[in-house]
file coords.pdb (PDB, C-alpha atoms and all ligand atoms)
ATOM      1  CA  MET A   1     -16.779  32.669  34.231  1.00  0.00           C
ATOM      2  CA  ALA A   2     -14.385  30.641  36.359  1.00  0.00           C
ATOM      3  CA  THR A   3     -10.690  31.298  35.890  1.00  0.00           C
ATOM      4  CA  ILE A   4      -8.479  28.584  34.481  1.00  0.00           C
ATOM      5  CA  PHE A   5      -7.002  28.129  37.970  1.00  0.00           C
ATOM      6  CA  SER A   6     -10.476  27.675  39.512  1.00  0.00           C
ATOM      7  CA  ARG A   7     -11.152  25.025  36.880  1.00  0.00           C
ATOM      8  CA  ILE A   8      -7.855  23.327  37.773  1.00  0.00           C
ATOM      9  CA  ILE A   9      -8.749  23.408  41.481  1.00  0.00           C
ATOM     10  CA  ALA A  10     -12.179  21.946  40.662  1.00  0.00           C
ATOM     11  CA  GLY A  11     -10.509  19.108  38.748  1.00  0.00           C
ATOM     12  CA  GLU A  12     -12.092  20.145  35.426  1.00  0.00           C
ATOM     13  CA  ILE A  13      -8.661  20.770  33.886  1.00  0.00           C
ATOM     14  CA  PRO A  14      -5.775  18.429  34.717  1.00  0.00           C
ATOM     15  CA  CYS A  15      -2.700  19.586  36.576  1.00  0.00           C
ATOM     16  CA  TYR A  16       0.298  18.196  38.397  1.00  0.00           C
ATOM     17  CA  LYS A  17      -0.891  18.780  41.923  1.00  0.00           C
ATOM     18  CA  VAL A  18       1.650  19.258  44.691  1.00  0.00           C
ATOM     19  CA  ALA A  19      -0.633  19.897  47.689  1.00  0.00           C
ATOM     20  CA  GLU A  20      -3.830  21.506  48.915  1.00  0.00           C
ATOM     21  CA  ASP A  21      -5.595  22.457  52.098  1.00  0.00           C
ATOM     22  CA  ASP A  22      -9.027  23.945  52.674  1.00  0.00           C
ATOM     23  CA  LYS A  23      -8.000  27.387  51.358  1.00  0.00           C
ATOM     24  CA  PHE A  24      -5.005  26.968  49.041  1.00  0.00           C
ATOM     25  CA  PHE A  25      -3.798  24.788  46.175  1.00  0.00           C
ATOM     26  CA  ALA A  26      -0.267  24.183  44.837  1.00  0.00           C
ATOM     27  CA  PHE A  27       0.529  22.741  41.406  1.00  0.00           C
ATOM     28  CA  LEU A  28       3.352  22.795  38.882  1.00  0.00           C
ATOM     29  CA  ASP A  29       3.580  25.664  36.429  1.00  0.00           C
ATOM     30  CA  ILE A  30       3.029  24.154  32.987  1.00  0.00           C
ATOM     31  CA  ASN A  31       5.770  26.424  31.529  1.00  0.00           C
ATOM     32  CA  PRO A  32       8.463  26.025  34.170  1.00  0.00           C
ATOM     33  CA  LEU A  33      11.564  28.190  34.325  1.00  0.00           C
ATOM     34  CA  VAL A  34      13.319  25.360  36.186  1.00  0.00           C
ATOM     35  CA  LYS A  35      12.341  21.957  37.553  1.00  0.00           C
ATOM     36  CA  GLY A  36      10.208  22.469  40.637  1.00  0.00           C
ATOM     37  CA  HIS A  37       8.588  25.759  39.521  1.00  0.00           C
ATOM     38  CA  THR A  38       5.308  25.678  41.441  1.00  0.00           C
ATOM     39  CA  LEU A  39       2.260  27.934  41.682  1.00  0.00           C
ATOM     40  CA  VAL A  40       0.368  28.554  44.921  1.00  0.00           C
ATOM     41  CA  VAL A  41      -3.177  29.864  44.518  1.00  0.00           C
ATOM     42  CA  PRO A  42      -6.074  30.652  46.846  1.00  0.00           C
ATOM     43  CA  LYS A  43      -9.212  28.598  46.263  1.00  0.00           C
ATOM     44  CA  GLN A  44     -11.088  31.869  46.616  1.00  0.00           C
ATOM     45  CA  GLU A  45     -11.189  33.481  43.182  1.00  0.00           C
ATOM     46  CA  VAL A  46      -9.437  36.816  43.610  1.00  0.00           C
ATOM     47  CA  ASP A  47      -7.515  38.420  40.758  1.00  0.00           C
ATOM     48  CA  TYR A  48      -5.108  40.755  42.547  1.00  0.00           C
ATOM     49  CA  ILE A  49      -3.166  39.238  45.436  1.00  0.00           C
ATOM     50  CA  PHE A  50      -3.212  42.495  47.392  1.00  0.00           C
ATOM     51  CA  ASN A  51      -7.007  42.415  47.372  1.00  0.00           C
ATOM     52  CA  LEU A  52      -6.920  39.362  49.646  1.00  0.00           C
ATOM     53  CA  SER A  53      -7.741  40.039  53.277  1.00  0.00           C
ATOM     54  CA  ASP A  54      -4.738  40.467  55.579  1.00  0.00           C
ATOM     55  CA  GLU A  55      -5.557  37.109  57.128  1.00  0.00           C
ATOM     56  CA  ASP A  56      -5.764  35.261  53.794  1.00  0.00           C
ATOM     57  CA  LEU A  57      -2.627  36.934  52.435  1.00  0.00           C
ATOM     58  CA  ALA A  58      -0.700  35.854  55.537  1.00  0.00           C
ATOM     59  CA  ALA A  59      -2.163  32.335  55.421  1.00  0.00           C
ATOM     60  CA  MET A  60      -1.259  32.032  51.729  1.00  0.00           C
ATOM     61  CA  HIS A  61       2.347  32.790  52.590  1.00  0.00           C
ATOM     62  CA  VAL A  62       2.380  30.314  55.451  1.00  0.00           C
ATOM     63  CA  PHE A  63       1.089  27.677  53.010  1.00  0.00           C
ATOM     64  CA  ALA A  64       3.668  28.770  50.389  1.00  0.00           C
ATOM     65  CA  LYS A  65       6.428  28.480  52.998  1.00  0.00           C
ATOM     66  CA  LYS A  66       5.645  24.774  53.546  1.00  0.00           C
ATOM     67  CA  ILE A  67       5.702  24.165  49.818  1.00  0.00           C
ATOM     68  CA  ALA A  68       8.960  26.122  49.404  1.00  0.00           C
ATOM     69  CA  LYS A  69      10.689  24.027  52.097  1.00  0.00           C
ATOM     70  CA  ALA A  70       9.578  20.844  50.341  1.00  0.00           C
ATOM     71  CA  ILE A  71      10.720  22.184  46.944  1.00  0.00           C
ATOM     72  CA  GLN A  72      14.159  22.911  48.397  1.00  0.00           C
ATOM     73  CA  LYS A  73      14.440  19.357  49.727  1.00  0.00           C
ATOM     74  CA  ALA A  74      13.348  17.826  46.433  1.00  0.00           C
ATOM     75  CA  PHE A  75      15.451  20.214  44.302  1.00  0.00           C
ATOM     76  CA  PRO A  76      18.480  21.383  46.276  1.00  0.00           C
ATOM     77  CA  CYS A  77      19.039  25.055  45.500  1.00  0.00           C
ATOM     78  CA  GLN A  78      20.440  28.259  46.961  1.00  0.00           C
ATOM     79  CA  LYS A  79      16.968  29.507  47.780  1.00  0.00           C
ATOM     80  CA  VAL A  80      13.406  29.233  46.604  1.00  0.00           C
ATOM     81  CA  GLY A  81      12.521  32.558  45.032  1.00  0.00           C
ATOM     82  CA  GLU A  82       9.020  33.964  45.202  1.00  0.00           C
ATOM     83  CA  ALA A  83       7.409  36.082  42.498  1.00  0.00           C
ATOM     84  CA  VAL A  84       3.971  37.547  42.008  1.00  0.00           C
ATOM     85  CA  ILE A  85       3.130  38.852  38.563  1.00  0.00           C
ATOM     86  CA  GLY A  86      -0.403  37.871  37.660  1.00  0.00           C
ATOM     87  CA  LEU A  87      -0.799  39.685  34.357  1.00  0.00           C
ATOM     88  CA  GLU A  88      -1.595  36.501  32.416  1.00  0.00           C
ATOM     89  CA  VAL A  89      -4.067  34.666  34.638  1.00  0.00           C
ATOM     90  CA  PRO A  90      -6.533  36.816  36.641  1.00  0.00           C
ATOM     91  CA  HIS A  91      -6.419  34.584  39.712  1.00  0.00           C
ATOM     92  CA  ALA A  92      -3.876  35.473  42.401  1.00  0.00           C
ATOM     93  CA  HIS A  93      -0.853  33.179  42.425  1.00  0.00           C
ATOM     94  CA  ILE A  94       2.628  32.991  43.891  1.00  0.00           C
ATOM     95  CA  HIS A  95       5.398  31.514  41.761  1.00  0.00           C
ATOM     96  CA  LEU A  96       7.857  29.442  43.816  1.00  0.00           C
ATOM     97  CA  ILE A  97      11.066  28.863  41.877  1.00  0.00           C
ATOM     98  CA  PRO A  98      14.141  26.969  43.095  1.00  0.00           C
ATOM     99  CA  ILE A  99      17.116  29.114  42.113  1.00  0.00           C
ATOM    100  CA  GLN A 100      20.883  28.780  42.048  1.00  0.00           C
ATOM    101  CA  LYS A 101      21.410  32.310  40.770  1.00  0.00           C
ATOM    102  CA  GLU A 102      19.407  35.499  40.294  1.00  0.00           C
ATOM    103  CA  SER A 103      18.958  34.983  36.565  1.00  0.00           C
ATOM    104  CA  ASP A 104      17.019  31.736  37.193  1.00  0.00           C
ATOM    105  CA  MET A 105      14.082  33.992  38.129  1.00  0.00           C
ATOM    106  CA  LEU A 106      13.961  35.815  34.811  1.00  0.00           C
ATOM    107  CA  PHE A 107      10.584  35.213  33.213  1.00  0.00           C
ATOM    108  CA  SER A 108      12.094  36.120  29.847  1.00  0.00           C
ATOM    109  CA  ASN A 109      14.223  32.934  30.035  1.00  0.00           C
ATOM    110  CA  PRO A 110      13.187  30.046  27.779  1.00  0.00           C
ATOM    111  CA  LYS A 111      10.769  27.684  29.527  1.00  0.00           C
ATOM    112  CA  LEU A 112      11.528  23.999  30.026  1.00  0.00           C
ATOM    113  CA  ARG A 113       9.658  21.445  27.978  1.00  0.00           C
ATOM    114  CA  LEU A 114       9.035  18.432  30.176  1.00  0.00           C
ATOM    115  CA  SER A 115       7.304  15.126  29.511  1.00  0.00           C
ATOM    116  CA  ASP A 116       4.194  14.007  31.350  1.00  0.00           C
ATOM    117  CA  GLU A 117       6.349  11.548  33.295  1.00  0.00           C
ATOM    118  CA  GLU A 118       8.856  14.243  34.282  1.00  0.00           C
ATOM    119  CA  PHE A 119       6.083  16.559  35.524  1.00  0.00           C
ATOM    120  CA  SER A 120       4.508  13.701  37.497  1.00  0.00           C
ATOM    121  CA  ASP A 121       7.838  12.747  39.071  1.00  0.00           C
ATOM    122  CA  ILE A 122       8.548  16.380  40.048  1.00  0.00           C
ATOM    123  CA  ALA A 123       5.134  16.811  41.703  1.00  0.00           C
ATOM    124  CA  LYS A 124       5.548  13.503  43.549  1.00  0.00           C
ATOM    125  CA  ALA A 125       9.079  14.415  44.672  1.00  0.00           C
ATOM    126  CA  ILE A 126       7.940  17.726  46.178  1.00  0.00           C
ATOM    127  CA  ASN A 127       4.867  16.151  47.759  1.00  0.00           C
ATOM    128  CA  SER A 128       7.018  13.458  49.386  1.00  0.00           C
ATOM    129  CA  PHE A 129       8.756  16.132  51.480  1.00  0.00           C
ATOM    130  CA  LEU A 130       5.544  17.672  52.824  1.00  0.00           C
TER
HETATM  131  P1  LIG A 201       1.467  35.303  35.368  1.00  0.00           P
HETATM  132  O1  LIG A 201      -0.023  35.552  35.426  1.00  0.00           O
HETATM  133  O2  LIG A 201       2.058  35.129  36.741  1.00  0.00           O
HETATM  134  O3  LIG A 201       2.194  36.284  34.532  1.00  0.00           O
HETATM  135  O4  LIG A 201       1.667  33.908  34.622  1.00  0.00           O
HETATM  136  C1  LIG A 201       0.770  32.820  34.783  1.00  0.00           C
HETATM  137  C2  LIG A 201       1.537  31.531  34.934  1.00  0.00           C
HETATM  138  O5  LIG A 201       0.583  30.468  34.947  1.00  0.00           O
HETATM  139  C3  LIG A 201       2.512  31.247  33.779  1.00  0.00           C
HETATM  140  O6  LIG A 201       3.793  30.938  34.324  1.00  0.00           O
HETATM  141  C4  LIG A 201       1.899  30.049  33.074  1.00  0.00           C
HETATM  142  O7  LIG A 201       2.848  29.140  32.590  1.00  0.00           O
HETATM  143  C5  LIG A 201       1.027  29.414  34.131  1.00  0.00           C
HETATM  144  N1  LIG A 201      -0.158  28.790  33.556  1.00  0.00           N
HETATM  145  C6  LIG A 201      -1.043  29.381  32.710  1.00  0.00           C
HETATM  146  N2  LIG A 201      -2.011  28.515  32.385  1.00  0.00           N
HETATM  147  C7  LIG A 201      -1.734  27.357  33.042  1.00  0.00           C
HETATM  148  C8  LIG A 201      -2.393  26.079  33.080  1.00  0.00           C
HETATM  149  O8  LIG A 201      -3.422  25.846  32.464  1.00  0.00           O
HETATM  150  N3  LIG A 201      -1.811  25.143  33.877  1.00  0.00           N
HETATM  151  C9  LIG A 201      -0.685  25.382  34.586  1.00  0.00           C
HETATM  152  N4  LIG A 201      -0.202  24.382  35.339  1.00  0.00           N
HETATM  153  N5  LIG A 201      -0.036  26.572  34.569  1.00  0.00           N
HETATM  154  C10 LIG A 201      -0.558  27.534  33.794  1.00  0.00           C
END

call {"tool": "encode", "arguments": {"input": "coords.pdb", "output": "structure tokens", "more": "lines below"}}
Ligand code: 5GP
result
Amino acid sequence: MATIFSRIIAGEIPCYKVAEDDKFFAFLDINPLVKGHTLVVPKQEVDYIFNLSDEDLAAMHVFAKKIAKAIQKAFPCQKVGEAVIGLEVPHAHIHLIPIQKESDMLFSNPKLRLSDEEFSDIAKAINSFL
């Protein structure tokens, strides 16, 4: 059965899309730690990120780098932090999180509750810097 992220990529489940190319897809995390929290996923359905080929793992990071630079322009921050956890959704993904301080990356922090309009505006803002 397709993962929830494959169904998002296929357009079967809605998302706030930030960008895509032939191999990768970026969209907003629905439970963001901060505004701009974005997920980067390969279109290829692979659970564990370190099971990607060397070439695809490198390409995923090059794609994530472009998204991170756009996030930083849309949401000025100290840095965009990167995290890979992957215990919840069995489809490799990189979290990109604009941070002002280390604790902004704590996944135990309460998640933001944003309106549909806020999510849409965030995705558009990041996309406008790509
Ligand atoms: P992880 O697998 O890295 O522990 O967590 C999965 C992440 O995917 C979580 O931050 C969660 O909020 C996000 N997520 C899970 N399901 C969906 C979904 O259907 N849409 C979106 N946009 N994000 C999701």

call {"tool": "closest_residue", "arguments": {"input": "coords.pdb", "among": "A:Pro76, A:Gly81, A:Gly86, A:Gly11", "to": "Phe50 of chain A", "atoms": "all atoms listed in the file"}}
result
A:Gly86

call {"tool": "atom_distance", "arguments": {"input": "coords.pdb", "atom1": "atom CA of Ile71 of chain A", "atom2": "atom CA of Asp29 of chain A"}}
result
13.2 Å

call {"tool": "axis_aligned_box", "arguments": {"input": "coords.pdb", "around": "ligand LIG 201 (chain A)", "padding_each_side": "4 Å", "output": "lines of an AutoDock Vina configuration file"}}
result
center_x = 0.2
center_y = 30.3
center_z = 34.6
size_x = 15.2
size_y = 19.9
size_z = 12.4

call {"tool": "resolve_selection", "arguments": {"input": "coords.pdb", "expression": "the PyMOL selection byres (((chain A and resi 107) around 12) and not hetatm)", "output": "ChimeraX atom specification"}}
result
/A:31-34,37,83-85,95,97,102-106,108-112

call {"tool": "closest_residue", "arguments": {"input": "coords.pdb", "among": "A:Ile67, A:Cys15, A:Leu114, A:Ala2", "to": "His91 of chain A", "atoms": "all atoms listed in the file"}}
result
A:Ala2

call {"tool": "atom_distance", "arguments": {"input": "coords.pdb", "atom1": "atom CA of Glu55 of chain A", "atom2": "atom CA of Leu87 of chain A"}}
result
23.4 Å

call {"tool": "resolve_selection", "arguments": {"input": "coords.pdb", "expression": "the PyMOL selection byres (((chain A and resi 60) around 9) and not hetatm)", "output": "ChimeraX atom specification"}}
result
/A:23-24,40-42,55-59,61-65,94

call {"tool": "decode", "arguments": {"input": "coords.pdb", "residues": "chain A", "atoms": "C-alpha atoms", "output": "short mmCIF file (atom, residue, chain, number, x, y, z; two decimals), in the first residue's frame"}}
result
data_model
loop_
_atom_site.label_atom_id
_atom_site.label_comp_id
_atom_site.auth_asym_id
_atom_site.auth_seq_id
_atom_site.Cartn_x
_atom_site.Cartn_y
_atom_site.Cartn_z
CA MET A 1 0.00 0.00 0.00
CA ALA A 2 1.23 3.49 -0.84
CA THR A 3 2.53 5.59 2.02
CA ILE A 4 0.67 8.72 3.02
CA PHE A 5 3.50 10.76 1.47
CA SER A 6 3.19 8.88 -1.85
CA ARG A 7 -0.52 9.68 -1.80
CA ILE A 8 0.29 13.34 -1.14
CA ILE A 9 2.78 13.37 -4.03
CA ALA A 10 0.16 11.75 -6.28
CA GLY A 11 -2.33 14.48 -5.34
CA GLU A 12 -4.73 12.01 -3.70
CA ILE A 13 -4.34 13.74 -0.32
CA PRO A 14 -4.08 17.53 -0.17
CA CYS A 15 -0.99 19.31 1.05
CA TYR A 16 0.59 22.74 1.07
CA LYS A 17 3.13 22.18 -1.65
CA VAL A 18 6.33 24.21 -1.66
CA ALA A 19 8.14 22.73 -4.68
CA GLU A 20 8.89 19.61 -6.68
CA ASP A 21 11.19 18.32 -9.36
CA ASP A 22 11.30 14.99 -11.14
CA LYS A 23 12.66 13.15 -8.08
CA PHE A 24 11.73 15.11 -4.95
CA PHE A 25 8.76 16.89 -3.38
CA ALA A 26 8.63 19.55 -0.64
CA PHE A 27 5.52 20.43 1.38
CA LEU A 28 4.65 21.91 4.75
CA ASP A 29 4.56 19.67 7.79
CA ILE A 30 0.95 19.62 8.97
CA ASN A 31 2.12 19.77 12.63
CA PRO A 32 4.77 22.47 12.40
CA LEU A 33 7.19 23.26 15.19
CA VAL A 34 7.54 26.78 13.76
CA LYS A 35 6.26 28.63 10.71
CA GLY A 36 8.11 27.37 7.66
CA HIS A 37 8.62 23.78 8.91
CA THR A 38 8.88 21.87 5.64
CA LEU A 39 9.31 18.22 4.66
CA VAL A 40 11.43 17.08 1.71
CA VAL A 41 10.67 13.59 0.41
CA PRO A 42 11.86 11.45 -2.49
CA LYS A 43 9.17 10.48 -4.98
CA GLN A 44 10.67 7.00 -4.84
CA GLU A 45 9.02 5.18 -1.96
CA VAL A 46 11.86 4.27 0.38
CA ASP A 47 11.33 4.01 4.13
CA TYR A 48 14.83 4.50 5.54
CA ILE A 49 16.76 7.47 4.17
CA PHE A 50 20.07 5.62 4.39
CA ASN A 51 18.71 2.96 2.04
CA LEU A 52 18.67 5.52 -0.78
CA SER A 53 21.47 5.18 -3.30
CA ASP A 54 24.45 7.49 -2.74
CA GLU A 55 23.38 9.46 -5.79
CA ASP A 56 19.77 9.91 -4.63
CA LEU A 57 20.81 10.76 -1.07
CA ALA A 58 23.14 13.46 -2.38
CA ALA A 59 20.53 14.77 -4.83
CA MET A 60 17.92 14.90 -2.04
CA HIS A 61 20.24 17.13 -0.04
CA VAL A 62 20.94 19.38 -3.00
CA PHE A 63 17.17 19.76 -3.45
CA ALA A 64 16.74 20.35 0.32
CA LYS A 65 19.45 23.02 0.20
CA LYS A 66 17.45 25.06 -2.35
CA ILE A 67 14.35 24.79 -0.20
CA ALA A 68 16.29 25.72 2.96
CA LYS A 69 17.67 28.88 1.32
CA ALA A 70 14.15 29.89 0.30
CA ILE A 71 12.80 29.15 3.80
CA GLN A 72 15.47 31.39 5.30
CA LYS A 73 14.51 34.25 2.97
CA ALA A 74 10.81 33.86 3.71
CA PHE A 75 11.32 33.34 7.47
CA PRO A 76 14.50 35.09 8.60
CA CYS A 77 16.23 32.87 11.14
CA GLN A 78 19.64 32.00 12.54
CA LYS A 79 19.78 28.84 10.47
CA VAL A 80 17.53 26.25 8.92
CA GLY A 81 17.98 23.08 10.92
CA GLU A 82 17.72 19.67 9.32
CA ALA A 83 16.38 16.57 11.06
CA VAL A 84 15.69 13.03 9.95
CA ILE A 85 13.60 10.88 12.25
CA GLY A 86 11.15 8.85 10.21
CA LEU A 87 9.61 6.70 12.93
CA GLU A 88 6.06 7.90 12.22
CA VAL A 89 5.81 7.80 8.43
CA PRO A 90 7.69 4.99 6.63
CA HIS A 91 8.72 7.17 3.70
CA ALA A 92 12.09 8.90 3.94
CA HIS A 93 11.83 12.61 4.71
CA ILE A 94 14.00 15.51 5.81
CA HIS A 95 12.51 18.06 8.19
CA LEU A 96 13.68 21.61 7.41
CA ILE A 97 13.01 23.91 10.35
CA PRO A 98 13.87 27.62 10.57
CA ILE A 99 15.40 28.11 14.01
CA GLN A 100 16.45 31.01 16.20
CA LYS A 101 17.72 28.76 18.98
CA GLU A 102 18.52 25.09 19.53
CA SER A 103 15.30 24.39 21.42
CA ASP A 104 13.23 25.32 18.33
CA MET A 105 14.22 21.88 16.97
CA LEU A 106 12.77 19.93 19.87
CA PHE A 107 10.08 17.61 18.56
CA SER A 108 8.63 17.43 22.06
CA ASN A 109 7.66 21.13 21.77
CA PRO A 110 3.96 21.89 21.25
CA LYS A 111 3.07 22.10 17.55
CA LEU A 112 1.57 25.22 15.99
CA ARG A 113 -2.06 25.20 14.98
CA LEU A 114 -2.38 27.22 11.80
CA SER A 115 -5.37 28.08 9.64
CA ASP A 116 -5.72 26.97 6.04
CA GLU A 117 -4.96 30.54 4.97
CA GLU A 118 -1.81 30.71 7.11
CA PHE A 119 -0.50 27.41 5.69
CA SER A 120 -1.23 28.59 2.14
CA ASP A 121 0.53 31.92 2.72
CA ILE A 122 3.59 30.17 4.21
CA ALA A 123 3.90 27.76 1.26
CA LYS A 124 3.50 30.64 -1.20
CA ALA A 125 6.07 32.77 0.66
CA ILE A 126 8.71 30.02 0.53
CA ASN A 127 7.92 29.19 -3.10
CA SER A 128 8.31 32.86 -4.07
CA PHE A 129 12.00 32.70 -3.12
CA LEU A 130 12.78 29.63 -5.23
#
